[in-house]
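Participant: Below you'll find the structure I mean.
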Amino acid sequence: MTNQRGLARPAALTVVFVLFIGPGPVLAVVPGFLAGWEVHDTLFGLEPIRWLGGALFVAGVPLLAESVIRFVRKGRGTPAPVLPPQHLVVTGLYLYVRNPMYVGILSMLLGEGLFLGSAAILAYAVALAFVFHLFVVLYEEPHLRKVFGSEYEEYRRRVRRWAPRLRSG
């Protein structure tokens with residue numbers, strides 16, 4: 001069983017980060033402004049698109065939640081740079097894709113755009129995907145190489161950055 005001592009600070013900081021700095025504003029505040037805080041007609045007039053959006057949003061929730069919780073419990077840190085994980089997290093969803101938090105957020109955003117009938121949210125999701133990719137390639141991966149060395153390199157060889165494998169690496 002995982003030793004739970006010492007998790008209070010990372011857990012509290014993670015809650016603040018998720019609700020007020022990272023995913024919360026990205027998934028609620030910005031899309032709300034972009035959609036004018038209302039549900040629009042379905043894109044292309046197709047009602048199934050709205051339900052596909054709902055499914056994508058719902059599918060993204062456990063991806064984000066499990067990944068964030070795993071960062072605290074296994075990594076002994078937060079997704080925020082102020083208290084990064086002390087251990088490389090390579091279990092759970094991280095066995096299948098290196099960036100499940102970002103994948104979850106993008107799934108939820110695409111779902112919001114489709115559900116709310118908002119082309120602006122869909123464009124925002126595409127732009128954010130590009131920003132996430134640049135952040136991962138230019139900062140996160142070099143930083144992880146520096147901090148975790150060969151452990152990260154071996155993980156990187158086994159697990160894809162964005163497209164999940166159906167079997168763990």
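All residue names refer to the structure tokens as shown: chains lettered A, B, ... in order, residues numbered from 1 in each chain, ligands numbered from 1 in order.
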Find the spatial neighbours of A:Ala65, counting only C-alpha atoms, within a cut-off of 9 Å - ignore same-chain residues fewer than 5 positions away - and output them as a list in words.
Facilitator: Gly60, Arg70, Met101 and Gly104 of chain A
Participant: Those residues you just picked out, can you put them in a file as a CSV table (one decimal), in the first residue's frame with C-alpha atoms?
Facilitator:
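The resulting file, part_20.csv, is shown below:
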chain,number,residue,atom,x,y,z
A,60,GLY,CA,-12.2,12.9,-21.1
A,70,ARG,CA,-1.8,9.5,-10.1
A,101,MET,CA,-3.9,14.8,-19.0
A,104,GLY,CA,-8.3,14.2,-21.6
Participant: Write out as an MDAnalysis selection string all residues of stretch 21-157 of chain A that DSSP puts in alpha helix (DSSP H) for this structure's backbone.
Facilitator: chainID A and resid 23:24 30:35 47:73 100:116 119:135 141:157
Participant: For stretch 132-135 of chain A, please output as a ChimeraX atom specification all residues within 10 Å (counting only C-alpha atoms; exclusion window: fewer than 3 positions along the same chain).
Facilitator: /A:99,102-103,106,126-129,138-141,161-162
Participant: Choose the residue, out of A:Pro62, A:Gly22, A:Gly111, A:Gly6, that has the smallest atom-to-atom separation from A:Ala80; count only C-alpha atoms.
Facilitator: A:Gly22
Participant: For A:Leu34, list every protein, DNA or RNA residue within 10 Å, evaluated using only C-alpha atoms, and leave out those in the same chain fewer than 6 positions away; present the list as a VMD selection string.
Facilitator: chain A and resid 113 118 to 124
Participant: Of the residues A:Val90, A:Ile105, A:Val97, A:Val39, which is the one nearest to A:Arg160, using only C-alpha atoms?
Facilitator: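 Under the stated criterion, the closest residue is A:Val97.
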Participant: So which one's closest to A:Gly53, A:Ser150, A:Ser107, A:Ser67, A:Thr91? Using only C-alpha atoms, please.
Facilitator: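 Among A:Ser150, A:Ser107, A:Ser67, A:Thr91, it is A:Ser107 that comes nearest to A:Gly53.
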Participant: Do a neighbour search on A:Gly54 at 6 Å with only C-alpha atoms, toss out local chain neighbours closer than 2 positions, and write the hits as a PyMOL selection string.
Facilitator: chain A and resi 51-52+56-57+111+115
Participant: For those residues, write N, CA, C and O atoms to a file as a PDB file, in the first residue's frame.
Facilitator:
ATOM      1  N   TRP A  51     -24.470  14.652 -29.465  1.00  0.00           N
ATOM      2  CA  TRP A  51     -24.292  13.508 -28.558  1.00  0.00           C
ATOM      3  C   TRP A  51     -22.882  12.943 -28.645  1.00  0.00           C
ATOM      4  O   TRP A  51     -22.349  12.461 -27.641  1.00  0.00           O
ATOM      5  N   LEU A  52     -22.274  13.019 -29.817  1.00  0.00           N
ATOM      6  CA  LEU A  52     -20.856  12.651 -29.934  1.00  0.00           C
ATOM      7  C   LEU A  52     -20.029  13.570 -29.040  1.00  0.00           C
ATOM      8  O   LEU A  52     -19.122  13.119 -28.339  1.00  0.00           O
ATOM      9  N   LEU A  56     -17.564  12.503 -26.008  1.00  0.00           N
ATOM     10  CA  LEU A  56     -16.152  12.884 -25.934  1.00  0.00           C
ATOM     11  C   LEU A  56     -15.840  13.592 -24.617  1.00  0.00           C
ATOM     12  O   LEU A  56     -14.790  13.367 -24.016  1.00  0.00           O
ATOM     13  N   PHE A  57     -16.747  14.456 -24.189  1.00  0.00           N
ATOM     14  CA  PHE A  57     -16.529  15.162 -22.922  1.00  0.00           C
ATOM     15  C   PHE A  57     -16.483  14.164 -21.771  1.00  0.00           C
ATOM     16  O   PHE A  57     -15.554  14.174 -20.958  1.00  0.00           O
ATOM     17  N   GLY A 111     -15.380  17.806 -27.158  1.00  0.00           N
ATOM     18  CA  GLY A 111     -16.743  17.452 -26.785  1.00  0.00           C
ATOM     19  C   GLY A 111     -17.601  18.672 -26.497  1.00  0.00           C
ATOM     20  O   GLY A 111     -18.756  18.754 -26.942  1.00  0.00           O
ATOM     21  N   PHE A 115     -20.867  19.605 -28.540  1.00  0.00           N
ATOM     22  CA  PHE A 115     -22.125  19.624 -27.782  1.00  0.00           C
ATOM     23  C   PHE A 115     -22.787  20.996 -27.815  1.00  0.00           C
ATOM     24  O   PHE A 115     -23.988  21.121 -27.988  1.00  0.00           O
TER      25      PHE A 115
END
Participant: Pick the closest to A:Ala163 from A:Val131, A:Leu95, A:Val137, A:Leu110: which is it, counting only C-alpha atoms?
Facilitator: A:Leu95
Participant: Could you state the separation of atom CA of A:Leu114 and atom CA of A:Tyr96 in Å, given to one decimal place?
Facilitator: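 Result for atom CA of A:Leu114 versus atom CA of A:Tyr96: 25.9 Å, one decimal.
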Participant: Between atom CA of A:Arg165 and atom CA of A:Pro85, measure the distance and give it in Å to one decimal.
Facilitator: 23.8 Å
Participant: Nearest to A:Val58 among A:Leu13, A:Ala125, A:Val30, A:Glu112, with distances taken over only C-alpha atoms: which residue is it?
Facilitator: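 Checking each candidate against A:Val58, we get A:Glu112 as the closest.
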Participant: Determine the nearest neighbour of A:Gly24 from the options A:Arg9, A:Glu154, A:Glu66, A:Met108, counting only C-alpha atoms.
Facilitator: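 Nearest candidate to A:Gly24 out of A:Arg9, A:Glu154, A:Glu66, A:Met108: A:Met108.
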Participant: Which residues come within 6 Å of A:Gly75, counting only C-alpha atoms, excluding same-chain residues fewer than 3 positions away, as a list in words?
Facilitator: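 The contact residues come out as Phe71, Val72, Pro85, Gln86, His87 and Val89 of chain A.
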Participant: So how many Å separate atom CA of A:Ala28 and atom CA of A:Val15, to one decimal?
Facilitator: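 Taking atom CA of A:Ala28 and atom CA of A:Val15, their separation equals 15.3 Å.
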Participant: Excluding A:Thr42 and its own-chain neighbours fewer than 6 positions away, which residues fall within 7 Å of it when counting only C-alpha atoms? Please give them as a ChimeraX atom specification.
Facilitator: /A:49-50,117
Participant: Could the residues in this selection be written to a file with N, CA and C atoms, as an mmCIF file, in the first residue's frame?
Facilitator:
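Output below, filename out-v2.cif:
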data_model
loop_
_atom_site.group_PDB
_atom_site.id
_atom_site.type_symbol
_atom_site.label_atom_id
_atom_site.label_comp_id
_atom_site.auth_asym_id
_atom_site.auth_seq_id
_atom_site.Cartn_x
_atom_site.Cartn_y
_atom_site.Cartn_z
ATOM 1 N N ILE A 49 -24.190 14.869 -33.733
ATOM 2 C CA ILE A 49 -22.928 15.546 -33.416
ATOM 3 C C ILE A 49 -22.942 16.043 -31.973
ATOM 4 N N ARG A 50 -24.098 16.514 -31.509
ATOM 5 C CA ARG A 50 -24.205 16.981 -30.123
ATOM 6 C C ARG A 50 -23.933 15.827 -29.158
ATOM 7 N N GLY A 117 -22.286 23.276 -30.035
ATOM 8 C CA GLY A 117 -22.406 23.784 -31.399
ATOM 9 C C GLY A 117 -21.550 25.009 -31.629
#
